[in-house]
>>> print(open('protein-v8.cif').read())   # mmCIF, C-alpha atoms (C1' of nucleotides)
data_protein
loop_
_atom_site.group_PDB
_atom_site.id
_atom_site.type_symbol
_atom_site.label_atom_id
_atom_site.label_comp_id
_atom_site.auth_asym_id
_atom_site.auth_seq_id
_atom_site.Cartn_x
_atom_site.Cartn_y
_atom_site.Cartn_z
ATOM 1 C CA MET A 1 0.000 0.000 0.000
ATOM 2 C CA ALA A 2 0.931 3.632 -0.502
ATOM 3 C CA GLU A 3 1.347 4.282 3.221
ATOM 4 C CA THR A 4 4.229 1.824 3.505
ATOM 5 C CA ARG A 5 6.104 3.602 0.758
ATOM 6 C CA HIS A 6 5.468 6.943 2.404
ATOM 7 C CA TYR A 7 6.696 5.534 5.666
ATOM 8 C CA TYR A 8 10.092 4.621 4.242
ATOM 9 C CA GLN A 9 10.305 7.846 2.271
ATOM 10 C CA ALA A 10 9.601 9.784 5.459
ATOM 11 C CA GLU A 11 12.316 7.838 7.281
ATOM 12 C CA MET A 12 14.847 8.828 4.644
ATOM 13 C CA LEU A 13 13.796 12.463 4.679
ATOM 14 C CA LYS A 14 13.917 12.458 8.481
ATOM 15 C CA ALA A 15 17.518 11.282 8.284
ATOM 16 C CA LEU A 16 18.276 14.312 6.110
ATOM 17 C CA ALA A 17 16.298 16.701 8.289
ATOM 18 C CA HIS A 18 18.863 17.725 10.883
ATOM 19 C CA PRO A 19 21.308 20.642 10.708
ATOM 20 C CA THR A 20 24.267 18.542 11.828
ATOM 21 C CA ARG A 21 23.543 15.801 9.330
ATOM 22 C CA LEU A 22 23.159 18.331 6.531
ATOM 23 C CA GLN A 23 26.496 19.759 7.541
ATOM 24 C CA ILE A 24 28.079 16.300 7.488
ATOM 25 C CA LEU A 25 26.704 15.593 4.028
ATOM 26 C CA GLU A 26 28.017 18.922 2.823
ATOM 27 C CA LEU A 27 31.477 18.043 4.141
ATOM 28 C CA LEU A 28 31.285 14.687 2.367
ATOM 29 C CA LYS A 29 30.346 16.345 -0.912
ATOM 30 C CA GLY A 30 34.065 16.838 -1.531
ATOM 31 C CA GLY A 31 34.646 13.081 -1.154
ATOM 32 C CA GLU A 32 35.379 10.494 1.481
ATOM 33 C CA LEU A 33 36.355 11.716 4.954
ATOM 34 C CA CYS A 34 37.642 10.122 8.136
ATOM 35 C CA VAL A 35 35.544 10.627 11.298
ATOM 36 C CA CYS A 36 38.681 12.240 12.683
ATOM 37 C CA ASN A 37 38.300 14.931 10.006
ATOM 38 C CA ILE A 38 34.569 15.392 10.487
ATOM 39 C CA VAL A 39 34.438 15.822 14.261
ATOM 40 C CA PRO A 40 36.669 18.916 14.409
ATOM 41 C CA GLU A 41 34.478 20.646 11.809
ATOM 42 C CA LEU A 42 31.370 20.282 13.960
ATOM 43 C CA ASN A 43 31.057 21.997 17.284
ATOM 44 C CA MET A 44 29.888 18.875 19.004
ATOM 45 C CA GLU A 45 30.810 15.790 21.028
ATOM 46 C CA GLN A 46 32.440 12.915 19.159
ATOM 47 C CA SER A 47 29.787 10.516 20.448
ATOM 48 C CA ASN A 48 27.088 12.727 19.045
ATOM 49 C CA VAL A 49 28.728 12.912 15.625
ATOM 50 C CA SER A 50 29.018 9.129 15.647
ATOM 51 C CA ARG A 51 25.282 8.832 16.236
ATOM 52 C CA HIS A 52 24.452 11.189 13.414
ATOM 53 C CA LEU A 53 26.733 9.258 11.082
ATOM 54 C CA ASN A 54 24.955 6.087 12.097
ATOM 55 C CA ILE A 55 21.559 7.580 11.333
ATOM 56 C CA LEU A 56 22.761 8.525 7.852
ATOM 57 C CA LYS A 57 24.221 5.067 7.384
ATOM 58 C CA LYS A 58 21.107 3.206 8.507
ATOM 59 C CA GLU A 59 19.115 5.066 5.859
ATOM 60 C CA GLY A 60 21.700 4.176 3.227
ATOM 61 C CA LEU A 61 22.709 7.792 2.651
ATOM 62 C CA VAL A 62 26.368 7.149 3.473
ATOM 63 C CA THR A 63 28.616 4.112 3.574
ATOM 64 C CA SER A 64 31.783 3.542 5.535
ATOM 65 C CA ARG A 65 34.993 1.598 5.334
ATOM 66 C CA LYS A 66 37.528 0.898 8.019
ATOM 67 C CA GLU A 67 41.249 1.446 7.653
ATOM 68 C CA GLY A 68 43.087 0.519 10.805
ATOM 69 C CA LEU A 69 41.574 2.475 13.659
ATOM 70 C CA LYS A 70 40.069 5.052 11.343
ATOM 71 C CA VAL A 71 36.661 4.915 9.690
ATOM 72 C CA PHE A 72 36.001 6.729 6.432
ATOM 73 C CA TYR A 73 32.530 7.802 5.387
ATOM 74 C CA ARG A 74 31.288 8.752 1.948
ATOM 75 C CA ILE A 75 28.027 9.621 0.253
ATOM 76 C CA THR A 76 26.419 6.522 -1.250
ATOM 77 C CA ASP A 77 24.765 8.097 -4.262
ATOM 78 C CA PRO A 78 25.635 11.433 -5.910
ATOM 79 C CA MET A 79 21.903 11.948 -6.399
ATOM 80 C CA ILE A 80 21.806 12.884 -2.715
ATOM 81 C CA ASN A 81 23.792 15.996 -3.517
ATOM 82 C CA ASP A 82 21.299 16.920 -6.236
ATOM 83 C CA LEU A 83 18.427 16.403 -3.822
ATOM 84 C CA LEU A 84 20.012 18.686 -1.243
ATOM 85 C CA GLU A 85 20.828 21.226 -3.917
ATOM 86 C CA ALA A 86 17.189 21.204 -5.017
ATOM 87 C CA SER A 87 15.895 21.651 -1.500
ATOM 88 C CA SER A 88 18.279 24.577 -1.060
ATOM 89 C CA GLU A 89 16.886 26.168 -4.214
ATOM 90 C CA LEU A 90 13.351 25.631 -2.997
ATOM 91 C CA LEU A 91 14.175 27.299 0.300
ATOM 92 C CA LYS A 92 15.682 30.255 -1.534
ATOM 93 C CA ASN A 93 12.508 30.635 -3.585
ATOM 94 C CA PHE A 94 10.373 30.567 -0.449
ATOM 95 C CA TRP A 95 12.435 33.346 1.045
ATOM 96 C CA GLU A 96 12.218 35.466 -2.068
ATOM 97 C CA ARG A 97 8.474 34.922 -2.228
ATOM 98 C CA ARG A 98 8.134 35.859 1.424
ATOM 99 C CA GLN A 99 10.168 39.015 0.895
ATOM 100 C CA LYS A 100 7.881 40.103 -1.941
ATOM 101 C CA THR A 101 4.764 39.413 0.108
ATOM 102 C CA LEU A 102 5.992 41.460 3.030
ATOM 103 C CA ILE A 103 6.768 44.569 0.990
ATOM 104 C CA MET B 104 26.874 31.344 9.004
ATOM 105 C CA ALA B 105 26.370 27.969 7.355
ATOM 106 C CA GLU B 106 24.617 26.495 10.369
ATOM 107 C CA THR B 107 21.731 28.950 10.111
ATOM 108 C CA ARG B 108 21.103 27.912 6.528
ATOM 109 C CA HIS B 109 21.215 24.250 7.508
ATOM 110 C CA TYR B 110 18.814 24.966 10.319
ATOM 111 C CA TYR B 111 16.137 26.299 7.957
ATOM 112 C CA GLN B 112 16.822 23.628 5.394
ATOM 113 C CA ALA B 113 16.378 20.996 8.103
ATOM 114 C CA GLU B 114 13.092 22.606 9.171
ATOM 115 C CA MET B 115 11.782 22.343 5.636
ATOM 116 C CA LEU B 116 12.887 18.739 5.252
ATOM 117 C CA LYS B 117 11.356 17.915 8.622
ATOM 118 C CA ALA B 118 8.035 19.250 7.367
ATOM 119 C CA LEU B 119 8.270 16.822 4.455
ATOM 120 C CA ALA B 120 9.406 13.925 6.613
ATOM 121 C CA HIS B 121 6.107 12.466 7.777
ATOM 122 C CA PRO B 122 4.044 9.765 6.061
ATOM 123 C CA THR B 123 0.789 11.669 6.429
ATOM 124 C CA ARG B 124 2.259 14.871 5.048
ATOM 125 C CA LEU B 125 3.789 13.011 2.105
ATOM 126 C CA GLN B 126 0.372 11.537 1.450
ATOM 127 C CA ILE B 127 -1.237 14.981 1.585
ATOM 128 C CA LEU B 128 1.306 16.384 -0.860
ATOM 129 C CA GLU B 129 0.690 13.464 -3.180
ATOM 130 C CA LEU B 130 -3.034 14.172 -3.088
ATOM 131 C CA LEU B 131 -2.355 17.831 -3.866
ATOM 132 C CA LYS B 132 -0.170 16.907 -6.830
ATOM 133 C CA GLY B 133 -3.339 16.751 -8.901
ATOM 134 C CA GLY B 134 -4.204 20.321 -7.916
ATOM 135 C CA GLU B 135 -5.992 22.285 -5.249
ATOM 136 C CA LEU B 136 -8.149 20.354 -2.786
ATOM 137 C CA CYS B 137 -10.592 21.242 -0.039
ATOM 138 C CA VAL B 138 -9.856 19.950 3.459
ATOM 139 C CA CYS B 139 -13.171 18.196 3.175
ATOM 140 C CA ASN B 140 -11.695 16.166 0.310
ATOM 141 C CA ILE B 141 -8.404 15.453 2.048
ATOM 142 C CA VAL B 142 -9.698 14.191 5.389
ATOM 143 C CA PRO B 143 -11.665 11.230 3.995
ATOM 144 C CA GLU B 144 -8.559 10.041 2.106
ATOM 145 C CA LEU B 145 -6.525 9.784 5.291
ATOM 146 C CA ASN B 146 -7.474 7.353 8.005
ATOM 147 C CA MET B 147 -7.187 9.972 10.704
ATOM 148 C CA GLU B 148 -8.932 12.587 12.878
ATOM 149 C CA GLN B 149 -9.876 15.850 11.159
ATOM 150 C CA SER B 150 -8.013 17.805 13.831
ATOM 151 C CA ASN B 151 -4.870 15.850 13.140
ATOM 152 C CA VAL B 152 -5.077 16.476 9.401
ATOM 153 C CA SER B 153 -5.561 20.146 10.145
ATOM 154 C CA ARG B 154 -2.372 20.164 12.185
ATOM 155 C CA HIS B 155 -0.378 18.461 9.442
ATOM 156 C CA LEU B 156 -1.679 20.953 6.905
ATOM 157 C CA ASN B 157 -0.590 23.749 9.197
ATOM 158 C CA ILE B 158 2.930 22.334 9.457
ATOM 159 C CA LEU B 159 3.188 22.240 5.667
ATOM 160 C CA LYS B 160 1.840 25.755 5.479
ATOM 161 C CA LYS B 161 4.198 27.199 8.069
ATOM 162 C CA GLU B 162 7.129 25.902 6.023
ATOM 163 C CA GLY B 163 5.705 27.472 2.891
ATOM 164 C CA LEU B 164 5.158 24.126 1.174
ATOM 165 C CA VAL B 165 1.436 24.728 0.682
ATOM 166 C CA THR B 166 -0.833 27.752 0.615
ATOM 167 C CA SER B 167 -4.532 27.996 1.287
ATOM 168 C CA ARG B 168 -7.522 30.062 0.317
ATOM 169 C CA LYS B 169 -10.906 30.243 1.914
ATOM 170 C CA GLU B 170 -14.173 29.927 0.062
ATOM 171 C CA GLY B 171 -17.110 30.198 2.387
ATOM 172 C CA LEU B 172 -16.697 27.621 5.094
ATOM 173 C CA LYS B 173 -14.315 25.554 3.038
ATOM 174 C CA VAL B 174 -10.540 25.928 2.863
ATOM 175 C CA PHE B 175 -8.622 24.868 -0.224
ATOM 176 C CA TYR B 176 -4.961 23.906 -0.080
ATOM 177 C CA ARG B 177 -2.473 23.709 -2.903
ATOM 178 C CA ILE B 178 1.224 23.100 -3.401
ATOM 179 C CA THR B 179 3.126 26.384 -3.456
ATOM 180 C CA ASP B 180 5.865 25.452 -5.896
ATOM 181 C CA PRO B 181 5.819 22.601 -8.432
ATOM 182 C CA MET B 182 9.487 22.055 -7.615
ATOM 183 C CA ILE B 183 8.230 20.319 -4.458
ATOM 184 C CA ASN B 184 6.841 17.556 -6.638
ATOM 185 C CA ASP B 185 10.216 17.168 -8.347
ATOM 186 C CA LEU B 186 11.940 16.986 -4.996
ATOM 187 C CA LEU B 187 9.605 14.255 -3.785
ATOM 188 C CA GLU B 188 9.961 12.434 -7.067
ATOM 189 C CA ALA B 189 13.751 12.536 -6.709
ATOM 190 C CA SER B 190 13.654 11.256 -3.148
ATOM 191 C CA SER B 191 11.408 8.416 -4.310
ATOM 192 C CA GLU B 192 13.950 7.507 -6.977
ATOM 193 C CA LEU B 193 16.742 7.592 -4.444
ATOM 194 C CA LEU B 194 14.817 5.270 -2.154
ATOM 195 C CA LYS B 195 14.221 2.875 -5.018
ATOM 196 C CA ASN B 196 17.941 2.803 -5.785
ATOM 197 C CA PHE B 197 18.759 2.092 -2.145
ATOM 198 C CA TRP B 198 16.397 -0.839 -2.169
ATOM 199 C CA GLU B 199 17.838 -2.255 -5.364
ATOM 200 C CA ARG B 200 21.350 -1.858 -4.008
ATOM 201 C CA ARG B 201 20.341 -3.574 -0.779
ATOM 202 C CA GLN B 202 18.803 -6.465 -2.713
ATOM 203 C CA LYS B 203 22.026 -7.007 -4.655
ATOM 204 C CA THR B 204 24.140 -6.896 -1.509
ATOM 205 C CA LEU B 205 22.012 -9.485 0.249
ATOM 206 C CA ILE B 206 22.191 -12.076 -2.542
ATOM 207 C "C1'" DT C 207 -31.092 35.782 17.242
ATOM 208 C "C1'" DT C 208 -30.306 30.276 16.906
ATOM 209 C "C1'" DA C 209 -28.731 26.209 14.627
ATOM 210 C "C1'" DC C 210 -25.662 24.271 11.669
ATOM 211 C "C1'" DT C 211 -21.142 23.067 9.078
ATOM 212 C "C1'" DA C 212 -16.074 23.216 8.061
ATOM 213 C "C1'" DT C 213 -11.869 24.018 9.961
ATOM 214 C "C1'" DA C 214 -8.645 25.297 13.636
ATOM 215 C "C1'" DT C 215 -6.800 25.268 18.313
ATOM 216 C "C1'" DG C 216 -6.067 24.182 23.570
ATOM 217 C "C1'" DA C 217 -4.819 20.834 26.765
ATOM 218 C "C1'" DA C 218 -2.954 16.570 28.122
ATOM 219 C "C1'" DG C 219 -0.851 12.089 27.259
ATOM 220 C "C1'" DT C 220 2.420 9.285 24.738
ATOM 221 C "C1'" DA C 221 6.161 8.564 21.723
ATOM 222 C "C1'" DT C 222 10.409 9.791 19.635
ATOM 223 C "C1'" DA C 223 14.761 12.492 19.091
ATOM 224 C "C1'" DT C 224 18.622 14.711 20.781
ATOM 225 C "C1'" DC C 225 22.248 15.438 23.884
ATOM 226 C "C1'" DA C 226 26.012 14.868 27.521
ATOM 227 C "C1'" DT C 227 28.549 11.862 30.292
ATOM 228 C "C1'" DA C 228 30.615 7.752 30.892
ATOM 229 C "C1'" DT C 229 32.049 3.411 29.203
ATOM 230 C "C1'" DA C 230 32.973 -0.233 25.708
ATOM 231 C "C1'" DT C 231 35.097 -1.986 21.620
ATOM 232 C "C1'" DA C 232 38.586 -2.555 18.010
ATOM 233 C "C1'" DG C 233 42.910 -1.844 16.293
ATOM 234 C "C1'" DT C 234 48.004 -0.565 17.071
ATOM 235 C "C1'" DA C 235 52.331 -0.617 19.270
ATOM 236 C "C1'" DA C 236 55.436 -1.379 22.972
ATOM 237 C "C1'" DT D 237 50.504 -8.656 28.340
ATOM 238 C "C1'" DT D 238 49.749 -3.208 28.951
ATOM 239 C "C1'" DA D 239 48.985 1.329 27.202
ATOM 240 C "C1'" DC D 240 47.213 4.020 23.780
ATOM 241 C "C1'" DT D 241 44.023 5.899 19.967
ATOM 242 C "C1'" DA D 242 39.747 6.177 17.070
ATOM 243 C "C1'" DT D 243 35.168 5.173 17.013
ATOM 244 C "C1'" DA D 244 30.840 3.284 18.855
ATOM 245 C "C1'" DT D 245 27.324 2.499 22.316
ATOM 246 C "C1'" DA D 246 24.599 2.547 27.014
ATOM 247 C "C1'" DT D 247 22.225 5.316 30.099
ATOM 248 C "C1'" DG D 248 19.554 8.872 31.666
ATOM 249 C "C1'" DA D 249 17.906 13.757 31.237
ATOM 250 C "C1'" DT D 250 15.557 17.022 28.424
ATOM 251 C "C1'" DA D 251 13.231 18.595 24.418
ATOM 252 C "C1'" DT D 252 10.318 18.088 20.486
ATOM 253 C "C1'" DA D 253 6.675 15.782 17.774
ATOM 254 C "C1'" DC D 254 2.458 13.421 17.300
ATOM 255 C "C1'" DT D 255 -2.135 12.166 18.563
ATOM 256 C "C1'" DT D 256 -6.754 12.440 20.686
ATOM 257 C "C1'" DC D 257 -10.574 14.662 22.820
ATOM 258 C "C1'" DA D 258 -12.964 18.566 23.601
ATOM 259 C "C1'" DT D 259 -13.865 23.153 22.398
ATOM 260 C "C1'" DA D 260 -13.448 27.461 19.717
ATOM 261 C "C1'" DT D 261 -13.926 30.119 15.591
ATOM 262 C "C1'" DA D 262 -15.785 31.600 11.150
ATOM 263 C "C1'" DG D 263 -19.094 31.407 7.835
ATOM 264 C "C1'" DT D 264 -24.039 30.177 6.287
ATOM 265 C "C1'" DA D 265 -28.891 29.934 6.628
ATOM 266 C "C1'" DA D 266 -33.206 29.990 8.953
#
>>> encode(input="protein-v8.cif", output="structure tokens")
Amino acid sequence: MAETRHYYQAEMLKALAHPTRLQILELLKGGELCVCNIVPELNMEQSNVSRHLNILKKEGLVTSRKEGLKVFYRITDPMINDLLEASSELLKNFWERRQKTLI
Amino acid sequence: MAETRHYYQAEMLKALAHPTRLQILELLKGGELCVCNIVPELNMEQSNVSRHLNILKKEGLVTSRKEGLKVFYRITDPMINDLLEASSELLKNFWERRQKTLI
DNA sequence: TTACTATATGAAGTATATCATATATAGTAA
DNA sequence: TTACTATATATGATATACTTCATATAGTAA
């Protein structure tokens, strides 16, 4: 049924819908990064970053590989970048529309 | 700063990230609809539907107009449909990838 | 005015998400 | 083995989101 599909789609969108996770994905846009490179970029506990990475991973948005003690994360599908780009555009349009309305 | 932008982007994505709201947006894809047409499609209290519509509206995803007692909602920007379409595609790809991995 | 209809909102309960602290695990090196 | 480093997870506190029930509001019609 349609509701099941919407349920999984909502889960994926929920994984995207957090400022920290958006920031992580933006960092990963440039390519694979070690957790040890991600944590210092975010003003946040390491344990917290680890959780956010796990949320992204569970939804299939990122994948990871281990190399010794380090773990490297990367974006699974470049389409994710397009999706985020589109949502950014949309947001920009909303703002512009709001500006016009308020004049 | 970048975090402010991510904050608003996350708010918008959060508004999308609920099965009921995805269902509402799918219903509205065909054009403007009265609340009285939306409620019967969703297996849910009228008050609850009203709240979900309000969440979509606050994020600028839908707009409404009143006609007598009735209120009609419509999608603000057709780009929203594209965004949802893209996220559906992405989800499909994840599933296919998962299938392959599990074989 | 009253009675009615369509939609929205207040209040309260439950569920879920996020966060900080502390601890556990896995890998390396001595 | 011990000591160390990078990452993950458990626990508990707090915050946010969702839902239901009851009620309020706005518009219509008598």
>>> resolve_selection(input="protein-v8.cif", expression="the PyMOL selection byres ((chain A) within 8 of (chain B))", output="list in words")
Glu3, His6, Tyr7, Tyr8, Gln9, Ala10, Glu11, Met12, Leu13, Lys14, Leu16, Ala17, His18, Pro19, Thr20, Leu22, Gln23, Gly60, Met79, Ile80, Leu83, Ala86, Ser87, Ser88, Leu90, Leu91 and Phe94 of chain A
>>> calpha_fit_and_write(input="protein-v8.cif", fixed="chain A", moving="chain B", output="PDB file with C-alpha atoms, keeping the file's coordinate frame")
ATOM      1  CA  MET B 104      -0.044  -0.030  -0.011  1.00  0.00           C
ATOM      2  CA  ALA B 105       0.896   3.602  -0.553  1.00  0.00           C
ATOM      3  CA  GLU B 106       1.327   4.286   3.145  1.00  0.00           C
ATOM      4  CA  THR B 107       4.202   1.823   3.446  1.00  0.00           C
ATOM      5  CA  ARG B 108       6.081   3.605   0.688  1.00  0.00           C
ATOM      6  CA  HIS B 109       5.453   6.957   2.346  1.00  0.00           C
ATOM      7  CA  TYR B 110       6.654   5.526   5.615  1.00  0.00           C
ATOM      8  CA  TYR B 111      10.076   4.634   4.194  1.00  0.00           C
ATOM      9  CA  GLN B 112      10.287   7.837   2.227  1.00  0.00           C
ATOM     10  CA  ALA B 113       9.570   9.776   5.419  1.00  0.00           C
ATOM     11  CA  GLU B 114      12.282   7.822   7.251  1.00  0.00           C
ATOM     12  CA  MET B 115      14.809   8.807   4.619  1.00  0.00           C
ATOM     13  CA  LEU B 116      13.774  12.452   4.664  1.00  0.00           C
ATOM     14  CA  LYS B 117      13.894  12.435   8.454  1.00  0.00           C
ATOM     15  CA  ALA B 118      17.498  11.265   8.270  1.00  0.00           C
ATOM     16  CA  LEU B 119      18.267  14.289   6.104  1.00  0.00           C
ATOM     17  CA  ALA B 120      16.282  16.680   8.267  1.00  0.00           C
ATOM     18  CA  HIS B 121      18.838  17.693  10.876  1.00  0.00           C
ATOM     19  CA  PRO B 122      21.276  20.613  10.707  1.00  0.00           C
ATOM     20  CA  THR B 123      24.234  18.531  11.832  1.00  0.00           C
ATOM     21  CA  ARG B 124      23.528  15.786   9.324  1.00  0.00           C
ATOM     22  CA  LEU B 125      23.134  18.322   6.518  1.00  0.00           C
ATOM     23  CA  GLN B 126      26.480  19.750   7.537  1.00  0.00           C
ATOM     24  CA  ILE B 127      28.068  16.294   7.492  1.00  0.00           C
ATOM     25  CA  LEU B 128      26.689  15.587   4.026  1.00  0.00           C
ATOM     26  CA  GLU B 129      28.003  18.920   2.821  1.00  0.00           C
ATOM     27  CA  LEU B 130      31.448  18.042   4.140  1.00  0.00           C
ATOM     28  CA  LEU B 131      31.268  14.683   2.369  1.00  0.00           C
ATOM     29  CA  LYS B 132      30.315  16.342  -0.911  1.00  0.00           C
ATOM     30  CA  GLY B 133      34.020  16.813  -1.553  1.00  0.00           C
ATOM     31  CA  GLY B 134      34.605  13.078  -1.140  1.00  0.00           C
ATOM     32  CA  GLU B 135      35.346  10.490   1.491  1.00  0.00           C
ATOM     33  CA  LEU B 136      36.338  11.725   4.947  1.00  0.00           C
ATOM     34  CA  CYS B 137      37.610  10.138   8.136  1.00  0.00           C
ATOM     35  CA  VAL B 138      35.562  10.650  11.296  1.00  0.00           C
ATOM     36  CA  CYS B 139      38.663  12.272  12.674  1.00  0.00           C
ATOM     37  CA  ASN B 140      38.282  14.954   9.996  1.00  0.00           C
ATOM     38  CA  ILE B 141      34.552  15.409  10.487  1.00  0.00           C
ATOM     39  CA  VAL B 142      34.445  15.835  14.260  1.00  0.00           C
ATOM     40  CA  PRO B 143      36.662  18.941  14.403  1.00  0.00           C
ATOM     41  CA  GLU B 144      34.442  20.659  11.805  1.00  0.00           C
ATOM     42  CA  LEU B 145      31.353  20.291  13.968  1.00  0.00           C
ATOM     43  CA  ASN B 146      31.111  22.011  17.308  1.00  0.00           C
ATOM     44  CA  MET B 147      29.946  18.872  19.045  1.00  0.00           C
ATOM     45  CA  GLU B 148      30.860  15.762  21.071  1.00  0.00           C
ATOM     46  CA  GLN B 149      32.519  12.925  19.149  1.00  0.00           C
ATOM     47  CA  SER B 150      29.876  10.510  20.420  1.00  0.00           C
ATOM     48  CA  ASN B 151      27.140  12.709  19.057  1.00  0.00           C
ATOM     49  CA  VAL B 152      28.760  12.923  15.630  1.00  0.00           C
ATOM     50  CA  SER B 153      29.087   9.162  15.662  1.00  0.00           C
ATOM     51  CA  ARG B 154      25.370   8.833  16.299  1.00  0.00           C
ATOM     52  CA  HIS B 155      24.478  11.193  13.464  1.00  0.00           C
ATOM     53  CA  LEU B 156      26.741   9.273  11.112  1.00  0.00           C
ATOM     54  CA  ASN B 157      24.993   6.088  12.143  1.00  0.00           C
ATOM     55  CA  ILE B 158      21.575   7.566  11.374  1.00  0.00           C
ATOM     56  CA  LEU B 159      22.752   8.514   7.888  1.00  0.00           C
ATOM     57  CA  LYS B 160      24.222   5.073   7.439  1.00  0.00           C
ATOM     58  CA  LYS B 161      21.130   3.195   8.564  1.00  0.00           C
ATOM     59  CA  GLU B 162      19.126   5.046   5.915  1.00  0.00           C
ATOM     60  CA  GLY B 163      21.686   4.151   3.279  1.00  0.00           C
ATOM     61  CA  LEU B 164      22.692   7.768   2.686  1.00  0.00           C
ATOM     62  CA  VAL B 165      26.350   7.124   3.502  1.00  0.00           C
ATOM     63  CA  THR B 166      28.606   4.092   3.616  1.00  0.00           C
ATOM     64  CA  SER B 167      31.791   3.538   5.552  1.00  0.00           C
ATOM     65  CA  ARG B 168      35.012   1.608   5.337  1.00  0.00           C
ATOM     66  CA  LYS B 169      37.556   0.923   8.001  1.00  0.00           C
ATOM     67  CA  GLU B 170      41.262   1.497   7.628  1.00  0.00           C
ATOM     68  CA  GLY B 171      43.122   0.583  10.760  1.00  0.00           C
ATOM     69  CA  LEU B 172      41.615   2.508  13.617  1.00  0.00           C
ATOM     70  CA  LYS B 173      40.090   5.086  11.336  1.00  0.00           C
ATOM     71  CA  VAL B 174      36.676   4.930   9.682  1.00  0.00           C
ATOM     72  CA  PHE B 175      36.010   6.737   6.422  1.00  0.00           C
ATOM     73  CA  TYR B 176      32.524   7.806   5.395  1.00  0.00           C
ATOM     74  CA  ARG B 177      31.269   8.739   1.967  1.00  0.00           C
ATOM     75  CA  ILE B 178      28.006   9.609   0.270  1.00  0.00           C
ATOM     76  CA  THR B 179      26.406   6.509  -1.224  1.00  0.00           C
ATOM     77  CA  ASP B 180      24.743   8.084  -4.238  1.00  0.00           C
ATOM     78  CA  PRO B 181      25.614  11.423  -5.866  1.00  0.00           C
ATOM     79  CA  MET B 182      21.887  11.938  -6.383  1.00  0.00           C
ATOM     80  CA  ILE B 183      21.794  12.868  -2.683  1.00  0.00           C
ATOM     81  CA  ASN B 184      23.778  15.982  -3.508  1.00  0.00           C
ATOM     82  CA  ASP B 185      21.276  16.893  -6.223  1.00  0.00           C
ATOM     83  CA  LEU B 186      18.416  16.401  -3.813  1.00  0.00           C
ATOM     84  CA  LEU B 187      20.007  18.685  -1.239  1.00  0.00           C
ATOM     85  CA  GLU B 188      20.829  21.206  -3.919  1.00  0.00           C
ATOM     86  CA  ALA B 189      17.189  21.197  -5.039  1.00  0.00           C
ATOM     87  CA  SER B 190      15.890  21.646  -1.512  1.00  0.00           C
ATOM     88  CA  SER B 191      18.283  24.569  -1.083  1.00  0.00           C
ATOM     89  CA  GLU B 192      16.889  26.163  -4.232  1.00  0.00           C
ATOM     90  CA  LEU B 193      13.358  25.642  -3.017  1.00  0.00           C
ATOM     91  CA  LEU B 194      14.183  27.306   0.284  1.00  0.00           C
ATOM     92  CA  LYS B 195      15.705  30.250  -1.536  1.00  0.00           C
ATOM     93  CA  ASN B 196      12.544  30.658  -3.603  1.00  0.00           C
ATOM     94  CA  PHE B 197      10.392  30.576  -0.475  1.00  0.00           C
ATOM     95  CA  TRP B 198      12.463  33.329   1.042  1.00  0.00           C
ATOM     96  CA  GLU B 199      12.264  35.485  -2.057  1.00  0.00           C
ATOM     97  CA  ARG B 200       8.521  34.954  -2.240  1.00  0.00           C
ATOM     98  CA  ARG B 201       8.172  35.860   1.427  1.00  0.00           C
ATOM     99  CA  GLN B 202      10.196  39.037   0.908  1.00  0.00           C
ATOM    100  CA  LYS B 203       7.916  40.143  -1.926  1.00  0.00           C
ATOM    101  CA  THR B 204       4.784  39.429   0.089  1.00  0.00           C
ATOM    102  CA  LEU B 205       5.985  41.462   3.046  1.00  0.00           C
ATOM    103  CA  ILE B 206       6.753  44.616   1.046  1.00  0.00           C
TER     104      ILE B 206
END
>>> interface_residues(input="protein-v8.cif", of="chain A", to="chain C", cutoff="10 Å", atoms="only C-alpha atoms (C1' of nucleotides)", output="ChimeraX atom specification")
/A:44-45,47-48,51,67-70
>>> resolve_selection(input="protein-v8.cif", expression="the PyMOL selection byres ((chain D) within 8 of (chain A))", output="PDB file with C-alpha atoms (C1' of nucleotides), keeping the file's coordinate frame")
ATOM      1  C1'  DT D 241      44.023   5.899  19.967  1.00  0.00           C
ATOM      2  C1'  DA D 242      39.747   6.177  17.070  1.00  0.00           C
ATOM      3  C1'  DT D 243      35.168   5.173  17.013  1.00  0.00           C
ATOM      4  C1'  DA D 244      30.840   3.284  18.855  1.00  0.00           C
TER       5       DA D 244
END
>>> atom_distance(input="protein-v8.cif", atom1="atom CA of B:Lys160", atom2="atom CA of B:Glu135")
13.7 Å
>>> atom_distance(input="protein-v8.cif", atom1="atom CA of B:Gly134", atom2="atom CA of B:Arg168")
13.2 Å
>>> atom_distance(input="protein-v8.cif", atom1="atom CA of A:Thr63", atom2="atom CA of A:Leu28")
11.0 Å
>>> build_atoms(input="protein-v8.cif", residues="stretch 146-150 of chain B", atoms="N, CA and C atoms", output="short mmCIF file (atom, residue, chain, number, x, y, z; two decimals), in the frame of the given file")
data_model
loop_
_atom_site.label_atom_id
_atom_site.label_comp_id
_atom_site.auth_asym_id
_atom_site.auth_seq_id
_atom_site.Cartn_x
_atom_site.Cartn_y
_atom_site.Cartn_z
N ASN B 146 -6.79 8.07 6.95
CA ASN B 146 -7.47 7.35 8.01
C ASN B 146 -7.11 7.99 9.35
N MET B 147 -7.72 9.13 9.64
CA MET B 147 -7.19 9.97 10.70
C MET B 147 -8.17 11.08 11.10
N GLU B 148 -8.08 11.52 12.35
CA GLU B 148 -8.93 12.59 12.88
C GLU B 148 -8.82 13.86 12.03
N GLN B 149 -9.89 14.58 11.90
CA GLN B 149 -9.88 15.85 11.16
C GLN B 149 -8.91 16.83 11.81
N SER B 150 -8.89 16.84 13.13
CA SER B 150 -8.01 17.80 13.83
C SER B 150 -6.54 17.52 13.54
#
